[in-house]
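Heads up, the thing below is written out as structure tokens.
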Amino acid sequence: MPRGYSNYEQKRQEAADGGGGSGIYHIRCLEDGESCKIRYLTDHEDLYWDWFHRKTNDTGGFAGMKLCPRSTGNACVDCKLAKDESLSDKERAGHRAQMQVLAWAYEYEHYYTEPKEDRKKVTLGRSLVRYMKTVNEARLWRYAGAHMKALEPTIQLRNTLLDRDYLWIRSGKKGDTKPQYTLESMSDESELPAELKKLVLSLPDLEEVALERVTSLSGEKTASGETYRTVRVVEEDPTVPPFGVESPNVEAAANVVFGEEPEEEPF
């Protein structure tokens with residue numbers, strides 16, 4: 001059943017780009033210059049980060065990310081294959097782990113660079129023309145560790161991500177393996193609105209999402225009552241490991257500075 005905002009489930013159904021259904025949808029910009037207006041619901045001290053592997057479907061296509069078992073103290077077949085010298089470089093690269101960072105954010109509006117019938121022409125700032133689509137839903141901000149660099153100036157200057165609305169901007173064409181992102185302030189400092197405070201209380205723990213115990217914001221459980229039903233999960237294919245390392249290590253990861261190369265290869 002719906003939680004958070006009144007008529008929240010209805011708003012999810014009305015949000016065409018990634019909206020509707022009851023899966024967990026992601027903050028994502030795919031084209032150069034594409035952006036979105038967001039409000040972080042997770043502060044910098046509560047960000048979840050860990051090592052993940054790329055999942056594939058039956059045809060070899062990208063099917064999301066899975067937490068590396070070694071992050072929970074278990075053996076990992078992918079990490080073993082990433083070091084298997086009998087495989088090609090491309091095959092080994094497909095099994096490497098990469099750092100990812102997760103946060104909850106509320107996306108108000110999405111700004112595209114190209115017009116469509118369901119998009120409204122708007123001007124951002126003094127002269128930047130974009131084509132806006134209203135979203136109005138909580139989404140998962142999930143990016144490679146290297147993109148934490150875009151958040152660092154805000155964290156260092158304000159010591160919080162929750163104090164205002166932001167514009168999240170992509171630089172890099174669709175398919176670019178190394179896009180860049182910028183976080184720009186869109187409003188003055190303000191307290192998190194009461195509606196969003198209420199919404200935060202309804203959102204699942206990020207670790208539960210990372211472990212794939214929760215894969216839906218609808219709260220619909222399976223027959224076993226242990227996991228949530230996956231309707232749809234939208235993710236951008238992270239084709240290049242941000243640190244160029246092959247596998248994770250919990251102890252080594254604790255000393256990682258996001259966006260920089262680690263001195264030693266984990267594990």
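By order of appearance in the structure tokens: chains A, B, ..., then residues from 1 within every chain, and ligands from 1 in the order shown.
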At a cut-off of 10 Å, using only C-alpha atoms, what residues contact Leu206 (chain A)? Leave out same-chain residues fewer than 4 positions from it and give the result as a list in words.
Thr42, Asp46, Leu47, Tyr48, Trp49, Val101, Leu102, Ala103, Trp104, Leu140, Ala210, Leu211, Glu212 and Val214 of chain A
Quick check for you: according to DSSP on this backbone, which residues of region 75-209 of chain A are classed as strand (DSSP E or B)? Reply as a PyMOL selection string.
chain A and resi 98-112+120-124+128-144+166-171+180-185
Can you write just those residues out, C-alpha atoms, as an mmCIF file, in the first residue's frame?
data_model
loop_
_atom_site.group_PDB
_atom_site.id
_atom_site.type_symbol
_atom_site.label_atom_id
_atom_site.label_comp_id
_atom_site.auth_asym_id
_atom_site.auth_seq_id
_atom_site.Cartn_x
_atom_site.Cartn_y
_atom_site.Cartn_z
ATOM 1 C CA GLN A 98 33.557 -1.725 -8.211
ATOM 2 C CA MET A 99 32.710 0.697 -5.444
ATOM 3 C CA GLN A 100 29.199 2.160 -5.516
ATOM 4 C CA VAL A 101 27.564 4.760 -3.272
ATOM 5 C CA LEU A 102 23.836 4.754 -2.437
ATOM 6 C CA ALA A 103 21.572 7.500 -1.093
ATOM 7 C CA TRP A 104 17.881 8.374 -1.179
ATOM 8 C CA ALA A 105 16.827 11.548 -2.971
ATOM 9 C CA TYR A 106 13.541 13.144 -3.982
ATOM 10 C CA GLU A 107 13.434 14.078 -7.664
ATOM 11 C CA TYR A 108 11.136 17.022 -8.365
ATOM 12 C CA GLU A 109 11.750 17.570 -12.066
ATOM 13 C CA HIS A 110 13.880 16.172 -14.872
ATOM 14 C CA TYR A 111 15.396 18.425 -17.536
ATOM 15 C CA TYR A 112 16.045 16.947 -20.977
ATOM 16 C CA LYS A 120 7.465 21.542 -21.060
ATOM 17 C CA LYS A 121 9.970 24.039 -22.424
ATOM 18 C CA VAL A 122 11.654 25.957 -19.578
ATOM 19 C CA THR A 123 14.616 28.263 -19.076
ATOM 20 C CA LEU A 124 17.082 27.468 -16.293
ATOM 21 C CA LEU A 128 19.661 27.639 -20.541
ATOM 22 C CA VAL A 129 16.743 26.093 -22.460
ATOM 23 C CA ARG A 130 15.624 22.639 -21.362
ATOM 24 C CA TYR A 131 12.525 20.441 -21.646
ATOM 25 C CA MET A 132 11.055 19.595 -18.251
ATOM 26 C CA LYS A 133 9.122 16.580 -17.066
ATOM 27 C CA THR A 134 7.615 16.488 -13.569
ATOM 28 C CA VAL A 135 8.649 13.454 -11.498
ATOM 29 C CA ASN A 136 7.822 14.075 -7.821
ATOM 30 C CA GLU A 137 8.981 10.794 -6.308
ATOM 31 C CA ALA A 138 11.678 9.299 -4.118
ATOM 32 C CA ARG A 139 14.449 7.622 -6.076
ATOM 33 C CA LEU A 140 17.731 5.876 -5.406
ATOM 34 C CA TRP A 141 20.856 7.976 -6.021
ATOM 35 C CA ARG A 142 23.325 5.228 -6.957
ATOM 36 C CA TYR A 143 26.658 6.041 -8.561
ATOM 37 C CA ALA A 144 30.203 4.762 -8.827
ATOM 38 C CA TYR A 166 20.148 20.850 -5.991
ATOM 39 C CA LEU A 167 20.605 20.441 -9.730
ATOM 40 C CA TRP A 168 22.405 17.193 -10.664
ATOM 41 C CA ILE A 169 24.001 17.664 -14.104
ATOM 42 C CA ARG A 170 25.641 15.192 -16.454
ATOM 43 C CA SER A 171 28.541 15.988 -18.792
ATOM 44 C CA GLN A 180 31.250 13.671 -15.208
ATOM 45 C CA TYR A 181 28.605 15.078 -12.855
ATOM 46 C CA THR A 182 28.144 18.451 -11.186
ATOM 47 C CA LEU A 183 26.026 19.350 -8.158
ATOM 48 C CA GLU A 184 24.709 22.915 -8.239
ATOM 49 C CA SER A 185 22.606 24.713 -5.626
#
Running DSSP on the backbone, which parts of region 77-133 of chain A land in helix (DSSP H, G or I), as a PyMOL selection string?
chain A and resi 77-82+89-93
Write out the residues from the selection above, keeping C-alpha atoms, as an mmCIF file, in the first residue's frame.
data_model
loop_
_atom_site.group_PDB
_atom_site.id
_atom_site.type_symbol
_atom_site.label_atom_id
_atom_site.label_comp_id
_atom_site.auth_asym_id
_atom_site.auth_seq_id
_atom_site.Cartn_x
_atom_site.Cartn_y
_atom_site.Cartn_z
ATOM 1 C CA VAL A 77 33.125 -16.620 -7.701
ATOM 2 C CA ASP A 78 33.302 -13.312 -9.608
ATOM 3 C CA CYS A 79 36.392 -12.147 -7.705
ATOM 4 C CA LYS A 80 38.054 -15.487 -8.476
ATOM 5 C CA LEU A 81 37.223 -15.205 -12.170
ATOM 6 C CA ALA A 82 38.496 -11.605 -12.233
ATOM 7 C CA ASP A 89 41.097 -9.234 -20.363
ATOM 8 C CA LYS A 90 37.522 -8.444 -21.398
ATOM 9 C CA GLU A 91 36.142 -11.501 -19.615
ATOM 10 C CA ARG A 92 38.076 -10.737 -16.435
ATOM 11 C CA ALA A 93 36.943 -7.109 -16.540
#
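Among the candidates A:Leu151, A:Leu217, A:Val209, A:Leu162, the residue lying nearest to Asp50 (chain A) is A:Val209 (atoms considered: only C-alpha atoms).
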CA of Asp205 (chain A) to CA of His53 (chain A): how many Å, to one decimal?
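Taking CA of Asp205 (chain A) and CA of His53 (chain A), their separation equals 20.3 Å.
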What is the CA of Leu87 (chain A)-CA of Thr177 (chain A) distance in Å, reported with one decimal?
22.5 Å
Can you tell me, as a list in words, what residues are no more than 12 Å from Lys197 (chain A) when counting only C-alpha atoms, ignoring any on the same chain fewer than 3 positions away?
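Using only C-alpha atoms, the neighbours found are Gly4, Tyr5, Arg39, Tyr40, Leu41, Thr42, Ala105, Tyr106, Ala138, Leu162, Glu191, Leu192, Pro193, Ala194, Val200, Leu201, Ser202 and Leu203 of chain A.
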Enter the distance from CA of Arg126 (chain A) to CA of Met186 (chain A), in Å, rounded to one decimal.
13.2 Å
